[in-house]
file structure-v1.cif (mmCIF, C-alpha atoms and all ligand atoms)
data_entry
#
loop_
_atom_site.label_atom_id
_atom_site.label_comp_id
_atom_site.auth_asym_id
_atom_site.auth_seq_id
_atom_site.Cartn_x
_atom_site.Cartn_y
_atom_site.Cartn_z
CA MET A 1378 -44.55 -18.98 -3.23
CA ARG A 1379 -42.99 -15.96 -4.85
CA ILE A 1380 -41.10 -13.25 -3.08
CA LYS A 1381 -39.19 -10.20 -4.16
CA LEU A 1382 -35.53 -10.42 -3.14
CA ILE A 1383 -33.44 -7.24 -3.03
CA ILE A 1384 -29.70 -7.48 -2.53
CA GLY A 1385 -27.82 -4.23 -3.04
CA GLU A 1386 -28.77 -2.92 -6.48
CA ASN A 1387 -30.18 -6.26 -7.60
CA GLU A 1388 -33.86 -6.99 -7.43
CA GLU A 1389 -35.45 -10.24 -8.49
CA ILE A 1390 -38.57 -12.26 -8.03
CA ILE A 1391 -37.76 -15.74 -6.81
CA GLU A 1392 -39.81 -18.86 -6.24
CA ILE A 1393 -39.30 -20.69 -2.94
CA SER A 1394 -40.99 -23.75 -1.56
CA GLY A 1395 -42.47 -24.56 1.84
CA ASN A 1396 -42.63 -22.54 5.02
CA LYS A 1397 -39.44 -20.62 5.46
CA THR A 1398 -38.01 -18.20 7.95
CA VAL A 1399 -35.61 -15.42 7.05
CA LYS A 1400 -32.80 -17.64 8.32
CA ASN A 1401 -33.87 -20.55 6.06
CA LEU A 1402 -34.05 -18.19 3.10
CA LEU A 1403 -30.54 -16.86 3.77
CA ASP A 1404 -29.27 -20.45 3.95
CA VAL A 1405 -30.88 -21.21 0.58
CA ILE A 1406 -29.26 -18.23 -1.09
CA ASN A 1407 -26.03 -18.94 0.75
CA ILE A 1408 -25.59 -15.75 2.76
CA ALA A 1409 -24.22 -15.82 6.31
CA SER A 1410 -26.88 -14.30 8.54
CA GLU A 1411 -24.29 -12.80 10.93
CA THR A 1412 -23.14 -10.39 8.24
CA VAL A 1413 -26.48 -8.96 7.15
CA VAL A 1414 -29.49 -7.00 8.31
CA VAL A 1415 -32.78 -8.08 6.73
CA LYS A 1416 -35.82 -5.94 6.04
CA LYS A 1417 -39.19 -7.51 5.30
CA ASN A 1418 -41.55 -5.10 3.59
CA ASP A 1419 -39.32 -2.24 4.76
CA CYS A 1420 -39.18 -3.24 8.44
CA ILE A 1421 -36.10 -4.73 10.08
CA VAL A 1422 -36.82 -8.32 11.12
CA ILE A 1423 -35.06 -11.05 13.07
CA ASP A 1424 -33.83 -14.34 11.60
CA GLU A 1425 -36.86 -16.25 12.93
CA GLU A 1426 -39.36 -14.06 11.05
CA PRO A 1427 -41.50 -16.16 8.66
CA VAL A 1428 -41.37 -15.35 4.97
CA GLU A 1429 -44.74 -15.24 3.22
CA ASP A 1430 -45.97 -15.16 -0.34
CA GLY A 1431 -45.62 -11.71 -1.90
CA ASP A 1432 -43.14 -10.43 0.70
CA SER A 1433 -40.38 -8.09 -0.30
CA ILE A 1434 -37.15 -9.14 1.40
CA GLU A 1435 -34.17 -6.81 1.38
CA VAL A 1436 -30.79 -8.16 2.44
CA ILE A 1437 -28.30 -5.48 3.48
CA GLN A 1438 -24.75 -6.63 4.02
CA VAL A 1439 -23.39 -4.70 7.00
CA ILE A 1440 -20.22 -6.60 7.82
CA TYR A 1441 -17.24 -6.38 5.54
CA GLY A 1442 -13.50 -6.47 6.05
CA GLY A 1443 -11.57 -3.21 6.32
CA MET B 536 -31.85 1.70 19.04
CA GLU B 537 -32.01 4.15 21.91
CA SER B 538 -30.54 1.46 24.07
CA ILE B 539 -27.37 1.04 21.99
CA GLN B 540 -26.82 4.77 22.14
CA ASN B 541 -27.38 4.73 25.90
CA LYS B 542 -25.00 1.83 26.32
CA VAL B 543 -22.29 3.81 24.52
CA LEU B 544 -22.92 6.91 26.63
CA LYS B 545 -22.83 4.75 29.75
CA ASP B 546 -19.48 3.25 28.73
CA ILE B 547 -18.12 6.74 28.08
CA ARG B 548 -18.96 7.63 31.69
CA LYS B 549 -17.91 4.31 33.18
CA TYR B 550 -14.44 4.34 31.61
CA LYS B 551 -14.11 8.14 31.88
CA LEU B 552 -13.41 8.35 28.16
CA LEU B 553 -14.39 11.99 27.90
CA GLU B 554 -14.27 15.01 30.11
CA LYS B 555 -16.24 18.19 29.75
CA GLY B 556 -14.33 20.54 27.48
CA ASP B 557 -12.45 17.83 25.58
CA LYS B 558 -11.73 18.52 21.96
CA VAL B 559 -12.30 15.20 20.24
CA LEU B 560 -10.83 14.23 16.92
CA LEU B 561 -12.91 11.45 15.35
CA GLY B 562 -11.41 9.22 12.69
CA LEU B 563 -14.33 9.17 10.23
CA SER B 564 -13.96 6.64 7.43
CA GLY B 565 -17.59 6.76 6.34
CA GLY B 566 -18.04 3.12 7.40
CA LYS B 567 -20.80 2.12 9.81
CA ASP B 568 -18.73 2.22 12.99
CA SER B 569 -17.39 5.74 12.60
CA VAL B 570 -20.69 7.08 11.24
CA MET B 571 -22.51 5.72 14.29
CA LEU B 572 -19.88 7.20 16.58
CA LEU B 573 -20.20 10.56 14.80
CA ASP B 574 -23.91 10.47 15.48
CA ILE B 575 -23.37 9.81 19.19
CA LEU B 576 -20.46 12.21 19.74
CA ASN B 577 -22.40 14.89 17.92
CA SER B 578 -25.14 14.61 20.53
CA LEU B 579 -22.49 15.49 23.16
CA ARG B 580 -21.22 18.33 21.00
CA LYS B 581 -24.70 19.78 20.69
CA ARG B 582 -25.03 19.74 24.47
CA ASN B 583 -21.75 21.71 24.61
CA ILE B 584 -19.99 18.94 26.51
CA ILE B 585 -17.26 18.41 23.93
CA ASP B 586 -15.86 20.02 20.83
CA LEU B 587 -15.66 17.74 17.78
CA VAL B 588 -13.67 17.60 14.58
CA ALA B 589 -13.96 14.70 12.14
CA VAL B 590 -10.96 13.62 10.09
CA THR B 591 -11.11 11.34 7.09
CA ILE B 592 -7.91 9.73 5.90
CA ASP B 593 -7.71 9.06 2.21
CA GLU B 594 -5.09 6.31 1.94
CA GLY B 595 -5.40 6.24 -1.82
CA ILE B 596 -7.16 2.93 -2.41
CA HIS B 597 -8.62 3.25 -5.84
CA GLY B 598 -12.18 2.10 -6.38
CA TYR B 599 -12.85 1.89 -2.66
CA ARG B 600 -11.89 4.93 -0.66
CA GLU B 601 -13.35 7.60 -2.97
CA GLU B 602 -16.92 6.72 -2.06
CA GLY B 603 -16.12 6.46 1.64
CA VAL B 604 -14.59 9.94 1.63
CA GLU B 605 -17.69 11.38 -0.05
CA ILE B 606 -20.03 9.68 2.40
CA ALA B 607 -17.94 10.86 5.34
CA ALA B 608 -18.10 14.44 4.06
CA ARG B 609 -21.88 14.26 3.59
CA ASN B 610 -22.39 12.97 7.12
CA ALA B 611 -20.23 15.65 8.71
CA LYS B 612 -21.92 18.36 6.68
CA LYS B 613 -25.40 17.16 7.54
CA LEU B 614 -24.62 17.43 11.25
CA GLY B 615 -22.61 20.63 10.94
CA VAL B 616 -19.43 19.00 12.27
CA GLU B 617 -16.09 20.42 11.19
CA HIS B 618 -14.48 17.99 8.72
CA LYS B 619 -10.96 17.55 7.37
CA ILE B 620 -9.76 15.23 4.65
CA VAL B 621 -6.10 14.27 4.75
CA THR B 622 -4.25 12.01 2.34
CA PHE B 623 -1.28 9.63 2.43
CA LYS B 624 -0.14 11.39 -0.73
CA GLU B 625 0.20 14.80 0.93
CA TYR B 626 1.92 13.46 4.05
CA PHE B 627 4.06 10.67 2.61
CA GLY B 628 4.21 11.45 -1.11
CA ARG B 629 2.59 8.12 -2.02
CA THR B 630 -0.83 6.56 -2.08
CA LEU B 631 -1.34 3.13 -0.52
CA ASP B 632 -1.88 1.72 -4.02
CA GLU B 633 1.51 3.07 -5.07
CA ILE B 634 3.17 1.68 -1.96
CA ILE B 635 1.74 -1.76 -2.64
CA SER B 636 2.49 -1.89 -6.35
CA LYS B 637 5.93 -0.40 -6.04
CA TYR B 638 7.50 -1.73 -2.89
CA THR B 639 5.87 -4.94 -1.91
CA ILE B 640 6.09 -7.02 -5.04
CA LYS B 641 7.44 -10.00 -3.18
CA GLU B 642 5.33 -9.89 -0.07
CA GLY B 643 2.22 -8.88 -1.98
CA ARG B 644 -1.10 -7.89 -0.49
CA ARG B 645 -0.62 -9.40 2.91
CA ASN B 646 1.17 -6.33 4.09
CA ALA B 647 -1.17 -3.60 2.92
CA CYS B 648 -2.82 -3.42 6.34
CA THR B 649 0.54 -3.16 8.11
CA TYR B 650 1.55 -0.07 6.15
CA CYS B 651 -1.96 1.31 6.22
CA GLY B 652 -2.16 0.99 10.01
CA VAL B 653 1.24 2.54 10.69
CA PHE B 654 0.63 5.52 8.40
CA ARG B 655 -2.91 6.04 9.60
CA ARG B 656 -1.82 6.13 13.24
CA TRP B 657 0.94 8.58 12.34
CA ILE B 658 -1.46 10.93 10.55
CA LEU B 659 -4.13 10.79 13.27
CA ASN B 660 -1.60 11.60 15.93
CA ARG B 661 -0.09 14.45 13.92
CA VAL B 662 -3.42 15.98 12.94
CA ALA B 663 -4.71 15.68 16.52
CA ARG B 664 -1.76 17.73 17.73
CA ASP B 665 -2.15 20.29 14.95
CA GLU B 666 -5.82 20.64 15.83
CA GLY B 667 -5.18 20.88 19.55
CA ALA B 668 -7.34 17.81 20.15
CA THR B 669 -7.28 16.26 23.61
CA LYS B 670 -8.71 12.87 22.56
CA ILE B 671 -8.71 10.75 19.42
CA ALA B 672 -11.86 8.64 19.08
CA THR B 673 -12.03 5.61 16.79
CA GLY B 674 -14.90 3.31 15.88
CA HIS B 675 -13.39 -0.01 17.01
CA ASN B 676 -16.21 -2.36 17.97
CA LEU B 677 -16.49 -5.51 20.09
CA ASP B 678 -15.60 -7.77 17.17
CA ASP B 679 -12.44 -5.74 16.40
CA GLU B 680 -11.38 -5.71 20.01
CA THR B 681 -11.93 -9.44 20.52
CA GLN B 682 -9.97 -10.11 17.34
CA SER B 683 -7.07 -8.05 18.66
CA ILE B 684 -7.05 -9.91 21.96
CA VAL B 685 -7.17 -13.40 20.45
CA MET B 686 -4.79 -12.54 17.62
CA ASN B 687 -2.11 -11.06 19.87
CA TYR B 688 -2.51 -13.92 22.31
CA LEU B 689 -2.12 -16.54 19.59
CA GLU B 690 0.93 -14.75 18.26
CA GLY B 691 2.44 -14.45 21.74
CA ASN B 692 2.49 -10.66 21.48
CA ILE B 693 2.13 -9.93 25.16
CA GLN B 694 3.50 -6.38 24.83
CA ASN B 695 0.70 -5.57 22.41
CA LEU B 696 -1.88 -7.06 24.76
CA THR B 697 -0.92 -4.60 27.47
CA ARG B 698 -2.01 -1.77 25.19
CA ILE B 699 -5.51 -3.06 24.42
CA GLY B 700 -8.28 -1.23 26.24
CA PRO B 701 -11.00 1.42 26.08
CA LYS B 702 -8.54 4.26 26.60
CA SER B 703 -4.83 4.50 25.86
CA GLU B 704 -2.38 5.61 28.47
CA SER B 705 0.07 7.95 26.96
CA LEU B 706 3.74 7.32 27.59
CA ASN B 707 4.62 10.57 25.88
CA ASP B 708 2.75 13.85 25.91
CA LYS B 709 3.07 14.00 22.15
CA PHE B 710 0.68 11.05 21.96
CA THR B 711 -2.92 12.14 22.15
CA ILE B 712 -5.03 9.77 24.26
CA LYS B 713 -7.09 7.37 22.13
CA ILE B 714 -10.55 6.21 23.11
CA LYS B 715 -12.83 3.48 21.75
CA PRO B 716 -16.40 4.22 22.82
CA LEU B 717 -17.87 1.36 20.73
CA ARG B 718 -15.56 -1.24 22.19
CA GLU B 719 -18.41 -3.18 23.82
CA ILE B 720 -20.87 -2.96 20.94
CA PRO B 721 -21.02 -5.98 18.59
CA GLU B 722 -20.47 -5.18 14.93
CA LYS B 723 -23.83 -6.64 14.00
CA GLU B 724 -25.62 -4.25 16.36
CA ILE B 725 -23.85 -1.31 14.78
CA GLY B 726 -25.12 -2.56 11.42
CA LEU B 727 -28.64 -2.66 12.84
CA TYR B 728 -28.30 0.82 14.30
CA VAL B 729 -27.22 2.48 11.07
CA VAL B 730 -29.83 0.67 8.98
CA ALA B 731 -32.59 1.47 11.46
CA ARG B 732 -31.60 5.14 11.67
CA GLU B 733 -31.18 5.22 7.89
CA LEU B 734 -27.73 6.73 8.21
CA ASP B 735 -25.73 7.28 5.06
CA VAL B 736 -22.99 4.67 5.34
CA HIS B 737 -20.27 3.27 3.11
CA PHE B 738 -20.97 -0.45 2.99
CA ALA B 739 -18.09 -1.96 1.07
CA GLY B 740 -15.02 -4.06 1.70
CA CYS B 741 -11.47 -2.87 1.24
CA PRO B 742 -9.82 -4.75 -1.64
CA PHE B 743 -6.76 -5.35 0.56
CA ALA B 744 -8.72 -6.92 3.40
CA ILE B 745 -8.00 -10.47 2.37
CA GLU B 746 -6.16 -13.32 3.93
CA SER B 747 -4.75 -11.41 6.84
CA PHE B 748 -4.26 -13.35 10.05
CA ARG B 749 -6.66 -10.87 11.65
CA ALA B 750 -9.34 -11.78 9.13
CA GLU B 751 -8.80 -15.49 9.79
CA VAL B 752 -9.14 -14.98 13.52
CA GLY B 753 -12.17 -12.79 12.90
CA SER B 754 -14.04 -15.45 10.95
CA PHE B 755 -13.10 -18.08 13.51
CA ILE B 756 -14.62 -16.00 16.32
CA LYS B 757 -17.73 -15.21 14.27
CA GLU B 758 -18.11 -18.92 13.58
CA LEU B 759 -17.87 -19.70 17.31
CA SER B 760 -20.38 -16.95 18.10
CA ARG B 761 -23.11 -18.76 16.15
CA GLU B 762 -23.38 -21.48 18.77
CA HIS B 763 -21.95 -19.42 21.64
CA PRO B 764 -23.47 -15.98 21.28
CA THR B 765 -21.77 -14.46 24.33
CA ILE B 766 -18.25 -15.59 23.47
CA MET B 767 -17.04 -12.12 22.47
CA TYR B 768 -18.25 -10.52 25.69
CA SER B 769 -16.67 -13.21 27.82
CA THR B 770 -13.36 -12.94 25.95
CA LEU B 771 -13.35 -9.19 26.49
CA ARG B 772 -14.40 -9.41 30.15
CA GLY B 773 -11.82 -12.06 30.92
CA PHE B 774 -9.13 -10.08 29.21
CA ASP B 775 -10.01 -6.86 31.04
CA LYS B 776 -9.68 -8.74 34.33
CA MET B 777 -6.22 -10.02 33.43
CA LYS B 778 -5.03 -6.76 32.04
CA PRO B 779 -3.80 -5.10 35.27
CA VAL B 780 -1.60 -8.13 35.89
CA LEU B 781 -0.30 -8.14 32.33
CA LYS B 782 0.46 -4.47 32.58
CA ARG B 783 2.27 -4.83 35.85
CA GLU B 784 4.45 -7.61 34.51
CA PHE B 785 4.95 -6.74 30.88
CA SER B 786 4.30 -3.14 29.97
CA ARG B 787 7.08 -0.80 29.09
CA LYS B 788 7.62 1.50 32.02
CA TYR B 789 10.21 3.95 30.74
CA PRO B 790 9.03 6.91 28.71
CA ILE B 791 9.65 6.70 25.00
CA GLY B 792 11.52 9.24 22.94
CA VAL B 793 10.83 10.93 19.65
CA CYS B 794 11.64 10.04 16.05
CA GLU B 795 14.71 11.95 14.94
CA LYS B 796 13.23 12.53 11.50
CA CYS B 797 9.63 13.60 12.10
CA GLY B 798 9.48 14.29 15.83
CA GLU B 799 6.62 11.89 16.47
CA PRO B 800 6.89 9.68 19.54
CA SER B 801 8.90 6.56 18.89
CA ALA B 802 10.69 3.84 20.83
CA ALA B 803 13.46 3.57 18.23
CA SER B 804 15.47 6.41 16.71
CA LEU B 805 13.20 6.32 13.66
CA CYS B 806 9.45 5.79 14.00
CA LYS B 807 7.87 3.00 11.96
CA ALA B 808 6.49 5.37 9.34
CA CYS B 809 9.85 7.05 8.79
CA SER B 810 11.69 3.75 8.67
CA PHE B 811 9.37 2.44 5.92
CA LEU B 812 9.86 5.68 4.00
CA LYS B 813 13.61 5.39 4.41
CA ASP B 814 13.66 1.81 3.08
CA TRP B 815 11.83 2.96 -0.01
CA GLU B 816 14.14 5.84 -0.80
CA ASP B 817 16.49 3.35 -2.49
CA PHE B 818 13.72 2.28 -4.87
CA ASP B 819 12.76 5.78 -5.99
S1 LIG A 1501 -8.29 -3.41 5.19
FE1 LIG A 1501 -6.13 -2.95 5.51
S2 LIG A 1501 -5.53 -1.76 3.73
FE2 LIG A 1501 -7.77 -1.74 3.78
S3 LIG A 1501 -8.29 0.12 4.89
FE3 LIG A 1501 -8.20 -1.53 6.41
S4 LIG A 1501 -6.10 -1.49 7.21
FE4 LIG A 1501 -6.12 -0.28 5.31
ZN ZN A 1502 9.21 9.54 12.17
#
call {"tool": "encode", "arguments": {"input": "structure-v1.cif", "output": "structure tokens", "more": "lines below"}}
Ligand code: SF4
Ligand SMILES: [Zn+2]
result
Amino acid sequence: MRIKLIIGENEEIIEISGNKTVKNLLDVINIASETVVVKKNDCIVIDEEPVEDGDSIEVIQVIYGG
Amino acid sequence: MESIQNKVLKDIRKYKLLEKGDKVLLGLSGGKDSVMLLDILNSLRKRNIIDLVAVTIDEGIHGYREEGVEIAARNAKKLGVEHKIVTFKEYFGRTLDEIISKYTIKEGRRNACTYCGVFRRWILNRVARDEGATKIATGHNLDDETQSIVMNYLEGNIQNLTRIGPKSESLNDKFTIKIKPLREIPEKEIGLYVVARELDVHFAGCPFAIESFRAEVGSFIKELSREHPTIMYSTLRGFDKMKPVLKREFSRKYPIGVCEKCGEPSAASLCKACSFLKDWEDFD
């Protein structure tokens, strides 16, 4: 399935396989889930939220040093 | 989201962090913690419970601080809160970048946070007095506080441990009392709050925030929290229970004096800020 992935200023369409949750997706793209807030189609969602074809997933990093 | 705000207000009452009529100086960096705290303290200001002034310290960290300062100013303006911007340059004649490039060639970046912390505390205390503030509020969250506890414990810094808490006890009336209303709120929840309320926040990392022992301890605790989600609360709770004993046994009881150069409170004849500045005179 194809989803739109938005990280900061970057937006891209990516292809992922199988049933995935937000957590699984973050693992695939190698982002620690403790440091981000995720929006699916503009709503904040939890890590267990399933990702479906055509979803727009925005990853907002909220934890930084300093 | 309401509930995080209520939790903070409850903690403010529980630990008696604020009294009616307080003039609160908020250290506003533009980051999520201080922007959230601005939002909450402003609700108390609007109900005429406290008076509020926000202060942003521009340390002079090129490529990082500029945006934070702008965001801080926008937030204060939007809420109609009085806002001041103060710089290391005006108070100490040097930006943090200059300090690091000029004086710490050997020790390198590791020490940026040491200088930054000392000078920031100095400025906050000075500005608070100039403004007639009765409290200084900072955005330290549960993650920060747990880091401080574990870090000082691991380093054997028991004196420092006695000073960790929601509210400082002043040993000198030139020290304005410091409060940490977000001390029991996990960093991640603050992130959720600001995203959900669509607050204008500076999300970026300081270029100097690398490889400090604090950062190491921080990632260790975050790693533990994955499998043990309540570990930060239990560390904090346990510490708060031990604290009266630590204080009784280890805290400094005698009042401290003032720095002979700048007049700020200091245990030694020169405060830390002035002693750094003095060391550097030879380089200039
Ligand atoms: S990370 Fe260190 S140098 Fe950067 S703002 Fe924080 S204390 Fe200052
Ligand atoms: Zn001094």
call {"tool": "closest_residue", "arguments": {"input": "structure-v1.cif", "among": "B:Lys558, B:His763, B:His675, B:Lys567", "to": "chain A", "atoms": "only C-alpha atoms"}}
result
B:Lys567
call {"tool": "interface_residues", "arguments": {"input": "structure-v1.cif", "of": "chain A", "to": "chain B", "cutoff": "8 Å", "atoms": "all atoms listed in the file", "output": "list of chain:residue names"}}
result
A:Glu1411, A:Thr1412, A:Val1413, A:Val1414, A:Ile1421, A:Gln1438, A:Val1439, A:Ile1440, A:Tyr1441, A:Gly1442, A:Gly1443
call {"tool": "closest_atom_pairs", "arguments": {"input": "structure-v1.cif", "of": "chain B", "to": "ligand ZN 1502 (chain A)", "cutoff": "12 Å", "atoms": "only C-alpha atoms and all ligand atoms", "output": "JSON lines"}}
result
{"residue": "B:Tyr626", "atom": "CA", "partner": "A:ZN1502", "partner_atom": "ZN", "distance": 11.6}
{"residue": "B:Phe627", "atom": "CA", "partner": "A:ZN1502", "partner_atom": "ZN", "distance": 10.9}
{"residue": "B:Val653", "atom": "CA", "partner": "A:ZN1502", "partner_atom": "ZN", "distance": 10.7}
{"residue": "B:Phe654", "atom": "CA", "partner": "A:ZN1502", "partner_atom": "ZN", "distance": 10.2}
{"residue": "B:Arg656", "atom": "CA", "partner": "A:ZN1502", "partner_atom": "ZN", "distance": 11.6}
{"residue": "B:Trp657", "atom": "CA", "partner": "A:ZN1502", "partner_atom": "ZN", "distance": 8.3}
{"residue": "B:Ile658", "atom": "CA", "partner": "A:ZN1502", "partner_atom": "ZN", "distance": 10.9}
{"residue": "B:Asn660", "atom": "CA", "partner": "A:ZN1502", "partner_atom": "ZN", "distance": 11.6}
{"residue": "B:Arg661", "atom": "CA", "partner": "A:ZN1502", "partner_atom": "ZN", "distance": 10.7}
{"residue": "B:Gly792", "atom": "CA", "partner": "A:ZN1502", "partner_atom": "ZN", "distance": 11.0}
{"residue": "B:Val793", "atom": "CA", "partner": "A:ZN1502", "partner_atom": "ZN", "distance": 7.8}
{"residue": "B:Cys794", "atom": "CA", "partner": "A:ZN1502", "partner_atom": "ZN", "distance": 4.6}
{"residue": "B:Glu795", "atom": "CA", "partner": "A:ZN1502", "partner_atom": "ZN", "distance": 6.6}
{"residue": "B:Lys796", "atom": "CA", "partner": "A:ZN1502", "partner_atom": "ZN", "distance": 5.1}
{"residue": "B:Cys797", "atom": "CA", "partner": "A:ZN1502", "partner_atom": "ZN", "distance": 4.1}
{"residue": "B:Gly798", "atom": "CA", "partner": "A:ZN1502", "partner_atom": "ZN", "distance": 6.0}
{"residue": "B:Glu799", "atom": "CA", "partner": "A:ZN1502", "partner_atom": "ZN", "distance": 5.5}
{"residue": "B:Pro800", "atom": "CA", "partner": "A:ZN1502", "partner_atom": "ZN", "distance": 7.7}
{"residue": "B:Ser801", "atom": "CA", "partner": "A:ZN1502", "partner_atom": "ZN", "distance": 7.4}
{"residue": "B:Ala802", "atom": "CA", "partner": "A:ZN1502", "partner_atom": "ZN", "distance": 10.5}
{"residue": "B:Ala803", "atom": "CA", "partner": "A:ZN1502", "partner_atom": "ZN", "distance": 9.5}
{"residue": "B:Ser804", "atom": "CA", "partner": "A:ZN1502", "partner_atom": "ZN", "distance": 8.3}
{"residue": "B:Leu805", "atom": "CA", "partner": "A:ZN1502", "partner_atom": "ZN", "distance": 5.3}
{"residue": "B:Cys806", "atom": "CA", "partner": "A:ZN1502", "partner_atom": "ZN", "distance": 4.2}
{"residue": "B:Lys807", "atom": "CA", "partner": "A:ZN1502", "partner_atom": "ZN", "distance": 6.7}
{"residue": "B:Ala808", "atom": "CA", "partner": "A:ZN1502", "partner_atom": "ZN", "distance": 5.7}
{"residue": "B:Cys809", "atom": "CA", "partner": "A:ZN1502", "partner_atom": "ZN", "distance": 4.2}
{"residue": "B:Ser810", "atom": "CA", "partner": "A:ZN1502", "partner_atom": "ZN", "distance": 7.2}
{"residue": "B:Phe811", "atom": "CA", "partner": "A:ZN1502", "partner_atom": "ZN", "distance": 9.5}
{"residue": "B:Leu812", "atom": "CA", "partner": "A:ZN1502", "partner_atom": "ZN", "distance": 9.1}
{"residue": "B:Lys813", "atom": "CA", "partner": "A:ZN1502", "partner_atom": "ZN", "distance": 9.8}
call {"tool": "residues_around", "arguments": {"input": "structure-v1.cif", "residues": "A:Glu1425", "least_positions_apart": "5", "cutoff": "8 Å", "atoms": "all atoms listed in the file", "output": "VMD selection string"}}
result
chain A and resid 1398 to 1400
call {"tool": "closest_residue", "arguments": {"input": "structure-v1.cif", "among": "B:Arg655, B:Lys542, B:Arg609, B:Arg580", "to": "ligand LIG 1501 (chain A)", "atoms": "all atoms listed in the file"}}
result
B:Arg655
call {"tool": "residues_around", "arguments": {"input": "structure-v1.cif", "residues": "A:Ile1391", "least_positions_apart": "6", "cutoff": "12 Å", "atoms": "only C-alpha atoms", "output": "PyMOL selection string"}}
result
chain A and resi 1378-1383+1402+1405-1406+1430-1434
call {"tool": "residues_around", "arguments": {"input": "structure-v1.cif", "residues": "B:Met777", "least_positions_apart": "5", "cutoff": "12 Å", "atoms": "all atoms listed in the file", "output": "list of chain:residue names"}}
result
B:Ile684, B:Ile693, B:Leu696, B:Thr697, B:Ile699, B:Gly700, B:Thr770, B:Leu771, B:Arg772, B:Lys782, B:Arg783, B:Glu784, B:Phe785
call {"tool": "axis_aligned_box", "arguments": {"input": "structure-v1.cif", "around": "ligand LIG 1501 (chain A)", "padding_each_side": "8 Å", "output": "AutoDock Vina command-line options"}}
result
--center_x -6.9 --center_y -1.6 --center_z 5.5 --size_x 18.8 --size_y 19.5 --size_z 19.5
call {"tool": "atom_distance", "arguments": {"input": "structure-v1.cif", "atom1": "atom CA of B:Cys651", "atom2": "atom CA of B:Ser569"}}
result
17.3 Å
call {"tool": "atom_distance", "arguments": {"input": "structure-v1.cif", "atom1": "atom CA of B:Pro701", "atom2": "atom CA of B:Val752"}}
result
20.7 Å
call {"tool": "closest_residue", "arguments": {"input": "structure-v1.cif", "among": "B:Ile756, B:Val685, B:Ala647, B:Leu659", "to": "B:Phe710", "atoms": "only C-alpha atoms"}}
result
B:Leu659
call {"tool": "build_atoms", "arguments": {"input": "structure-v1.cif", "residues": "stretch 1403-1413 of chain A", "atoms": "N, CA, C and O atoms", "output": "short mmCIF file (atom, residue, chain, number, x, y, z; two decimals), in the frame of the given file"}}
result
data_model
loop_
_atom_site.label_atom_id
_atom_site.label_comp_id
_atom_site.auth_asym_id
_atom_site.auth_seq_id
_atom_site.Cartn_x
_atom_site.Cartn_y
_atom_site.Cartn_z
N LEU A 1403 -31.95 -17.24 3.91
CA LEU A 1403 -30.54 -16.86 3.77
C LEU A 1403 -29.68 -18.10 3.51
O LEU A 1403 -28.74 -18.06 2.71
N ASP A 1404 -30.01 -19.21 4.18
CA ASP A 1404 -29.27 -20.45 3.95
C ASP A 1404 -29.40 -20.88 2.49
O ASP A 1404 -28.43 -21.28 1.86
N VAL A 1405 -30.64 -20.80 1.97
CA VAL A 1405 -30.88 -21.21 0.58
C VAL A 1405 -30.05 -20.38 -0.40
O VAL A 1405 -29.46 -20.90 -1.33
N ILE A 1406 -30.02 -19.07 -0.15
CA ILE A 1406 -29.26 -18.23 -1.09
C ILE A 1406 -27.81 -18.07 -0.66
O ILE A 1406 -27.04 -17.28 -1.23
N ASN A 1407 -27.43 -18.85 0.37
CA ASN A 1407 -26.03 -18.94 0.75
C ASN A 1407 -25.41 -17.63 1.25
O ASN A 1407 -24.33 -17.22 0.81
N ILE A 1408 -26.11 -16.99 2.16
CA ILE A 1408 -25.59 -15.75 2.76
C ILE A 1408 -25.52 -15.97 4.27
O ILE A 1408 -26.48 -16.46 4.87
N ALA A 1409 -24.38 -15.62 4.87
CA ALA A 1409 -24.22 -15.82 6.31
C ALA A 1409 -25.04 -14.77 7.06
O ALA A 1409 -24.84 -13.57 6.86
N SER A 1410 -25.94 -15.23 7.91
CA SER A 1410 -26.88 -14.30 8.54
C SER A 1410 -26.17 -13.34 9.50
O SER A 1410 -26.69 -12.26 9.77
N GLU A 1411 -24.98 -13.71 10.00
CA GLU A 1411 -24.29 -12.80 10.93
C GLU A 1411 -23.82 -11.53 10.24
O GLU A 1411 -23.49 -10.56 10.91
N THR A 1412 -23.74 -11.55 8.92
CA THR A 1412 -23.14 -10.39 8.24
C THR A 1412 -24.18 -9.45 7.63
O THR A 1412 -23.82 -8.48 6.98
N VAL A 1413 -25.46 -9.77 7.83
CA VAL A 1413 -26.48 -8.96 7.15
C VAL A 1413 -27.58 -8.48 8.10
O VAL A 1413 -27.79 -9.04 9.17
#
